[in-house]
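Listing of target_21.pdb; format and content: PDB, C-alpha atoms, pLDDT in the B column.
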```pdb
ATOM      1  CA  MET A   1      30.843 174.687-131.362  1.00 87.00           C
ATOM      2  CA  LYS A   2      28.904 177.921-131.878  1.00 96.00           C
ATOM      3  CA  PHE A   3      25.671 176.084-131.190  1.00 97.00           C
ATOM      4  CA  VAL A   4      26.940 174.509-127.955  1.00 97.00           C
ATOM      5  CA  LYS A   5      28.137 177.898-126.708  1.00 97.00           C
ATOM      6  CA  ALA A   6      24.817 179.581-127.531  1.00 97.00           C
ATOM      7  CA  PHE A   7      22.876 176.716-125.963  1.00 98.00           C
ATOM      8  CA  VAL A   8      24.932 176.874-122.744  1.00 97.00           C
ATOM      9  CA  VAL A   9      24.452 180.654-122.529  1.00 97.00           C
ATOM     10  CA  PHE A  10      20.681 180.292-122.921  1.00 98.00           C
ATOM     11  CA  ILE A  11      20.576 177.399-120.416  1.00 98.00           C
ATOM     12  CA  ILE A  12      22.387 179.553-117.846  1.00 97.00           C
ATOM     13  CA  ILE A  13      20.125 182.552-118.471  1.00 97.00           C
ATOM     14  CA  ASN A  14      16.889 180.522-118.484  1.00 97.00           C
ATOM     15  CA  PHE A  15      17.674 178.483-115.389  1.00 96.00           C
ATOM     16  CA  GLY A  16      18.945 181.654-113.755  1.00 95.00           C
ATOM     17  CA  ALA A  17      15.522 183.159-114.448  1.00 94.00           C
ATOM     18  CA  LEU A  18      13.837 180.170-112.796  1.00 92.00           C
ATOM     19  CA  GLY A  19      16.111 180.479-109.780  1.00 93.00           C
ATOM     20  CA  PHE A  20      15.651 184.223-109.470  1.00 93.00           C
ATOM     21  CA  GLY A  21      11.897 183.852-109.917  1.00 90.00           C
ATOM     22  CA  SER A  22      11.872 181.267-107.118  1.00 90.00           C
ATOM     23  CA  LEU A  23      13.669 183.689-104.818  1.00 90.00           C
ATOM     24  CA  LEU A  24      11.054 186.354-105.550  1.00 91.00           C
ATOM     25  CA  MET A  25       8.094 184.124-104.734  1.00 90.00           C
ATOM     26  CA  GLY A  26       8.704 183.823-101.008  1.00 86.00           C
ATOM     27  CA  GLU A  27       7.178 180.627 -99.655  1.00 90.00           C
ATOM     28  CA  GLY A  28       5.366 180.168-102.962  1.00 89.00           C
ATOM     29  CA  ALA A  29       3.109 177.144-103.252  1.00 90.00           C
ATOM     30  CA  LYS A  30       3.858 176.191 -99.638  1.00 91.00           C
ATOM     31  CA  SER A  31       2.532 179.456 -98.224  1.00 95.00           C
ATOM     32  CA  LEU A  32      -0.639 179.412 -96.160  1.00 95.00           C
ATOM     33  CA  TRP A  33      -2.117 182.009 -98.537  1.00 96.00           C
ATOM     34  CA  TYR A  34      -1.665 179.743-101.577  1.00 96.00           C
ATOM     35  CA  LEU A  35      -2.747 176.587 -99.790  1.00 95.00           C
ATOM     36  CA  GLN A  36      -6.041 178.236 -98.788  1.00 97.00           C
ATOM     37  CA  LEU A  37      -6.874 179.477-102.290  1.00 98.00           C
ATOM     38  CA  GLU A  38      -9.705 177.924-104.279  1.00 98.00           C
ATOM     39  CA  LYS A  39      -7.700 176.316-107.082  1.00 98.00           C
ATOM     40  CA  ALA A  40      -8.815 174.913-110.419  1.00 98.00           C
ATOM     41  CA  PRO A  41      -9.762 171.225-110.367  1.00 98.00           C
ATOM     42  CA  TRP A  42      -7.122 170.635-113.087  1.00 98.00           C
ATOM     43  CA  THR A  43      -4.280 172.071-110.976  1.00 97.00           C
ATOM     44  CA  PRO A  44      -1.411 169.578-111.222  1.00 96.00           C
ATOM     45  CA  ASP A  45       0.519 168.257-108.226  1.00 94.00           C
ATOM     46  CA  GLY A  46       3.402 170.456-107.106  1.00 90.00           C
ATOM     47  CA  TRP A  47       6.158 168.230-108.532  1.00 91.00           C
ATOM     48  CA  VAL A  48       4.688 168.657-112.041  1.00 95.00           C
ATOM     49  CA  PHE A  49       5.596 172.354-112.036  1.00 92.00           C
ATOM     50  CA  GLY A  50       9.287 171.664-111.419  1.00 91.00           C
ATOM     51  CA  ALA A  51       9.433 168.863-113.975  1.00 95.00           C
ATOM     52  CA  ALA A  52       7.553 170.918-116.571  1.00 96.00           C
ATOM     53  CA  TRP A  53       9.707 174.020-116.131  1.00 95.00           C
ATOM     54  CA  THR A  54      12.910 171.981-116.333  1.00 96.00           C
ATOM     55  CA  LEU A  55      11.880 170.409-119.637  1.00 97.00           C
ATOM     56  CA  ILE A  56      10.479 173.693-120.966  1.00 98.00           C
ATOM     57  CA  MET A  57      13.659 175.636-120.226  1.00 98.00           C
ATOM     58  CA  VAL A  58      15.895 173.003-121.833  1.00 98.00           C
ATOM     59  CA  LEU A  59      13.739 172.999-124.974  1.00 98.00           C
ATOM     60  CA  PHE A  60      13.404 176.786-124.969  1.00 98.00           C
ATOM     61  CA  SER A  61      17.186 177.130-124.633  1.00 98.00           C
ATOM     62  CA  LEU A  62      17.616 174.870-127.656  1.00 98.00           C
ATOM     63  CA  TYR A  63      15.033 176.936-129.543  1.00 98.00           C
ATOM     64  CA  MET A  64      16.705 180.237-128.651  1.00 98.00           C
ATOM     65  CA  ALA A  65      20.172 178.933-129.577  1.00 98.00           C
ATOM     66  CA  PHE A  66      18.920 177.858-133.013  1.00 98.00           C
ATOM     67  CA  LEU A  67      17.029 181.115-133.483  1.00 98.00           C
ATOM     68  CA  TYR A  68      19.781 183.425-132.314  1.00 96.00           C
ATOM     69  CA  LEU A  69      22.365 181.726-134.526  1.00 97.00           C
ATOM     70  CA  LYS A  70      19.984 181.918-137.486  1.00 96.00           C
ATOM     71  CA  ARG A  71      18.975 185.559-136.906  1.00 93.00           C
ATOM     72  CA  PRO A  72      21.086 187.424-134.327  1.00 92.00           C
ATOM     73  CA  THR A  73      18.872 190.520-134.361  1.00 93.00           C
ATOM     74  CA  THR A  74      17.972 193.166-131.837  1.00 95.00           C
ATOM     75  CA  LYS A  75      14.308 192.203-132.242  1.00 95.00           C
ATOM     76  CA  ILE A  76      14.986 188.631-131.097  1.00 95.00           C
ATOM     77  CA  ALA A  77      17.107 189.834-128.191  1.00 95.00           C
ATOM     78  CA  THR A  78      14.363 192.287-127.199  1.00 96.00           C
ATOM     79  CA  LEU A  79      11.631 189.630-127.316  1.00 96.00           C
ATOM     80  CA  PHE A  80      13.821 187.305-125.268  1.00 97.00           C
ATOM     81  CA  ILE A  81      14.499 189.993-122.636  1.00 97.00           C
ATOM     82  CA  ILE A  82      10.804 190.879-122.389  1.00 97.00           C
ATOM     83  CA  GLN A  83      10.014 187.162-121.992  1.00 97.00           C
ATOM     84  CA  PHE A  84      12.711 186.921-119.311  1.00 97.00           C
ATOM     85  CA  VAL A  85      11.337 189.858-117.305  1.00 97.00           C
ATOM     86  CA  LEU A  86       7.713 188.696-117.590  1.00 98.00           C
ATOM     87  CA  ASN A  87       8.641 185.148-116.586  1.00 96.00           C
ATOM     88  CA  ILE A  88      10.468 186.305-113.447  1.00 96.00           C
ATOM     89  CA  SER A  89       7.987 188.989-112.477  1.00 97.00           C
ATOM     90  CA  TRP A  90       5.004 186.617-112.522  1.00 97.00           C
ATOM     91  CA  ASN A  91       6.371 184.799-109.468  1.00 95.00           C
ATOM     92  CA  PHE A  92       6.797 188.067-107.606  1.00 96.00           C
ATOM     93  CA  LEU A  93       3.366 189.407-108.539  1.00 97.00           C
ATOM     94  CA  PHE A  94       1.437 186.205-107.888  1.00 97.00           C
ATOM     95  CA  PHE A  95       3.098 184.606-104.872  1.00 96.00           C
ATOM     96  CA  ASN A  96       4.958 187.442-103.174  1.00 95.00           C
ATOM     97  CA  GLN A  97       2.552 190.323-103.691  1.00 96.00           C
ATOM     98  CA  LYS A  98      -0.608 188.190-104.064  1.00 97.00           C
ATOM     99  CA  LEU A  99      -1.695 190.367-107.014  1.00 98.00           C
ATOM    100  CA  THR A 100      -3.452 187.600-108.892  1.00 98.00           C
ATOM    101  CA  ASP A 101      -5.178 189.888-111.414  1.00 98.00           C
ATOM    102  CA  ILE A 102      -1.971 191.729-112.322  1.00 98.00           C
ATOM    103  CA  ALA A 103      -0.165 188.381-112.465  1.00 98.00           C
ATOM    104  CA  LEU A 104      -2.858 187.215-114.887  1.00 98.00           C
ATOM    105  CA  LEU A 105      -2.168 190.179-117.156  1.00 98.00           C
ATOM    106  CA  ASN A 106       1.543 189.431-116.844  1.00 98.00           C
ATOM    107  CA  ILE A 107       1.158 185.789-117.890  1.00 98.00           C
ATOM    108  CA  ILE A 108      -1.122 186.749-120.790  1.00 98.00           C
ATOM    109  CA  LEU A 109       1.583 189.132-122.034  1.00 98.00           C
ATOM    110  CA  LEU A 110       4.181 186.390-121.586  1.00 98.00           C
ATOM    111  CA  THR A 111       2.047 184.009-123.638  1.00 98.00           C
ATOM    112  CA  ILE A 112       1.737 186.652-126.372  1.00 98.00           C
ATOM    113  CA  ILE A 113       5.520 187.115-126.474  1.00 97.00           C
ATOM    114  CA  VAL A 114       6.150 183.364-126.696  1.00 98.00           C
ATOM    115  CA  SER A 115       3.492 183.138-129.427  1.00 97.00           C
ATOM    116  CA  ALA A 116       5.164 185.998-131.289  1.00 96.00           C
ATOM    117  CA  LEU A 117       8.509 184.195-131.178  1.00 96.00           C
ATOM    118  CA  PHE A 118       6.892 181.044-132.526  1.00 97.00           C
ATOM    119  CA  LEU A 119       4.795 182.661-135.262  1.00 97.00           C
ATOM    120  CA  THR A 120       7.358 185.220-136.408  1.00 96.00           C
ATOM    121  CA  TYR A 121      10.227 182.773-136.819  1.00 97.00           C
ATOM    122  CA  ILE A 122       8.516 179.513-137.799  1.00 97.00           C
ATOM    123  CA  LYS A 123       9.647 179.973-141.419  1.00 96.00           C
ATOM    124  CA  ASP A 124      13.253 180.404-140.284  1.00 96.00           C
ATOM    125  CA  LEU A 125      13.380 177.434-137.924  1.00 97.00           C
ATOM    126  CA  LYS A 126      10.805 175.145-139.552  1.00 97.00           C
ATOM    127  CA  GLY A 127      10.588 171.896-137.526  1.00 97.00           C
ATOM    128  CA  LYS A 128      12.842 173.279-134.802  1.00 97.00           C
ATOM    129  CA  SER A 129       9.978 175.644-133.948  1.00 97.00           C
ATOM    130  CA  LEU A 130       8.307 172.710-132.204  1.00 98.00           C
ATOM    131  CA  LEU A 131      10.836 173.216-129.393  1.00 98.00           C
ATOM    132  CA  ILE A 132       8.927 176.289-128.176  1.00 98.00           C
ATOM    133  CA  LEU A 133       5.475 174.663-128.221  1.00 98.00           C
ATOM    134  CA  PRO A 134       5.758 173.049-124.750  1.00 98.00           C
ATOM    135  CA  TYR A 135       6.426 176.527-123.341  1.00 98.00           C
ATOM    136  CA  PHE A 136       3.341 177.902-125.094  1.00 98.00           C
ATOM    137  CA  ILE A 137       1.153 174.968-123.999  1.00 98.00           C
ATOM    138  CA  TRP A 138       2.336 175.248-120.396  1.00 98.00           C
ATOM    139  CA  LEU A 139       1.653 178.988-120.407  1.00 98.00           C
ATOM    140  CA  CYS A 140      -1.896 178.311-121.616  1.00 98.00           C
ATOM    141  CA  ILE A 141      -2.393 175.878-118.724  1.00 98.00           C
ATOM    142  CA  ALA A 142      -0.790 178.274-116.232  1.00 98.00           C
ATOM    143  CA  THR A 143      -2.934 181.132-117.530  1.00 98.00           C
ATOM    144  CA  SER A 144      -6.074 179.063-116.992  1.00 98.00           C
ATOM    145  CA  LEU A 145      -4.947 178.265-113.428  1.00 98.00           C
ATOM    146  CA  ASN A 146      -4.231 181.941-112.711  1.00 98.00           C
ATOM    147  CA  LEU A 147      -7.581 182.954-114.247  1.00 98.00           C
ATOM    148  CA  TYR A 148      -9.435 180.445-112.088  1.00 98.00           C
ATOM    149  CA  ILE A 149      -7.758 181.776-108.949  1.00 98.00           C
ATOM    150  CA  SER A 150      -8.513 185.365-109.975  1.00 98.00           C
ATOM    151  CA  LEU A 151     -12.177 184.536-110.555  1.00 98.00           C
ATOM    152  CA  TYR A 152     -12.850 182.364-107.508  1.00 98.00           C
ATOM    153  CA  ASN A 153     -10.813 184.042-104.771  1.00 97.00           C
TER
END
```
Written as structure tokens, how would this file's structure read?
Amino acid sequence: MKFVKAFVVFIIINFGALGFGSLLMGEGAKSLWYLQLEKAPWTPDGWVFGAAWTLIMVLFSLYMAFLYLKRPTTKIATLFIIQFVLNISWNFLFFNQKLTDIALLNIILLTIIVSALFLTYIKDLKGKSLLILPYFIWLCIATSLNLYISLYN
């Protein structure tokens, strides 16, 4: 029962972050500004972003529930909060403010935080650590997309 409660709390927080981030991005990928950008040839179709983030947040919520129950430390809570803030703020910086270079720095920091969670606690969670890898992989792809836009626009 402890696990289900922790999982539900992380699901609510993580999907809340996605929702709040969406609110901060204005028109987002449908804006004239974004549509006119020179985008990377490997940019996925729009629906892929929603599907990817849904899967990533479910898996990340599972990961965080396992991790928090294993080691309920201030360090883990701090890393999670930093991840939360960076995840939300990227939408605002990139889409709302059109600060692609600052958004790039933001997503690089986010990738470092997610990597730190993975590498620091892999011994504690063992195979369950694989739950965070889709998040890391997606951030690498998203970073490359942001970098391309920063370089070519």
Top pick for closest residue to Leu67 in chain A, considering A:Tyr148, A:Phe84, A:Trp138, A:Tyr121 and counting only C-alpha atoms |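 Nearest candidate to Leu67 in chain A out of A:Tyr148, A:Phe84, A:Trp138, A:Tyr121: A:Tyr121.
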Could you list, as a short mmCIF file (atom, residue, chain, number, x, y, z; two decimals) with C-alpha atoms, keeping the file's coordinate frame, every residue matched by the PyMOL selection byres ((chain A and resi 61) around 10) in this structure?
```cif
data_model
loop_
_atom_site.label_atom_id
_atom_site.label_comp_id
_atom_site.auth_asym_id
_atom_site.auth_seq_id
_atom_site.Cartn_x
_atom_site.Cartn_y
_atom_site.Cartn_z
CA ALA A 6 24.82 179.58 -127.53
CA PHE A 7 22.88 176.72 -125.96
CA VAL A 8 24.93 176.87 -122.74
CA VAL A 9 24.45 180.65 -122.53
CA PHE A 10 20.68 180.29 -122.92
CA ILE A 11 20.58 177.40 -120.42
CA ILE A 12 22.39 179.55 -117.85
CA ILE A 13 20.12 182.55 -118.47
CA ASN A 14 16.89 180.52 -118.48
CA PHE A 15 17.67 178.48 -115.39
CA LEU A 55 11.88 170.41 -119.64
CA ILE A 56 10.48 173.69 -120.97
CA MET A 57 13.66 175.64 -120.23
CA VAL A 58 15.90 173.00 -121.83
CA LEU A 59 13.74 173.00 -124.97
CA PHE A 60 13.40 176.79 -124.97
CA LEU A 62 17.62 174.87 -127.66
CA TYR A 63 15.03 176.94 -129.54
CA MET A 64 16.70 180.24 -128.65
CA ALA A 65 20.17 178.93 -129.58
CA PHE A 66 18.92 177.86 -133.01
CA LEU A 67 17.03 181.12 -133.48
CA LEU A 131 10.84 173.22 -129.39
CA ILE A 132 8.93 176.29 -128.18
#
```
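Using only C-alpha atoms, the nearest neighbour of Trp53 in chain A within the list A:Leu110, A:Val85, A:Ala40, A:Ala17 is A:Ala17.
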Name the residues captured by the PyMOL selection byres ((chain A and resi 113-115) around 8) when it is applied to the shown file; answer as a PyMOL selection string.
-> chain A and resi 79+82-83+109-112+116-119+132+135-136
May I have the residues within 10 Å of Gly28 in chain A as a PDB file with C-alpha atoms, in the frame of the given file, using all atoms listed in the file and disregarding those fewer than 4 positions away in the same chain?
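Resulting contents of selection-v7.pdb:
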```pdb
ATOM      1  CA  SER A  22      11.872 181.267-107.118  1.00 90.00           C
ATOM      2  CA  LEU A  23      13.669 183.689-104.818  1.00 90.00           C
ATOM      3  CA  LEU A  24      11.054 186.354-105.550  1.00 91.00           C
ATOM      4  CA  LEU A  32      -0.639 179.412 -96.160  1.00 95.00           C
ATOM      5  CA  TRP A  33      -2.117 182.009 -98.537  1.00 96.00           C
ATOM      6  CA  TYR A  34      -1.665 179.743-101.577  1.00 96.00           C
ATOM      7  CA  LEU A  35      -2.747 176.587 -99.790  1.00 95.00           C
ATOM      8  CA  ASN A  91       6.371 184.799-109.468  1.00 95.00           C
ATOM      9  CA  PHE A  92       6.797 188.067-107.606  1.00 96.00           C
ATOM     10  CA  PHE A  94       1.437 186.205-107.888  1.00 97.00           C
ATOM     11  CA  PHE A  95       3.098 184.606-104.872  1.00 96.00           C
ATOM     12  CA  ASN A  96       4.958 187.442-103.174  1.00 95.00           C
TER      13      ASN A  96
END
```
If you count all atoms listed in the file, which residues fall within 12 Å of Ile141 in chain A, apart from same-chain ones fewer than 4 positions away, as an MDAnalysis selection string?
-> chainID A and resid 40 42:44 49 52 104 107:108 111 134:137 145:148
Which of these residues is nearest to Leu37 in chain A, using all atoms listed in the file: A:Leu18, A:Leu125, A:Leu151, A:Leu130?
->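 Checking each of A:Leu18, A:Leu125, A:Leu151, A:Leu130 against Leu37 in chain A, counting all atoms listed in the file, the winner is A:Leu151.
With CA of Ala51 in chain A on one side and CA of Ala142 in chain A on the other, the separation reads 14.1 Å.
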Of the candidates A:Asn87, A:Thr120, A:Thr100, A:Asn153, which shows the shortest atom-to-atom distance to Arg71 in chain A, using all atoms listed in the file?
->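 Smallest distance to Arg71 in chain A is found for A:Thr120.
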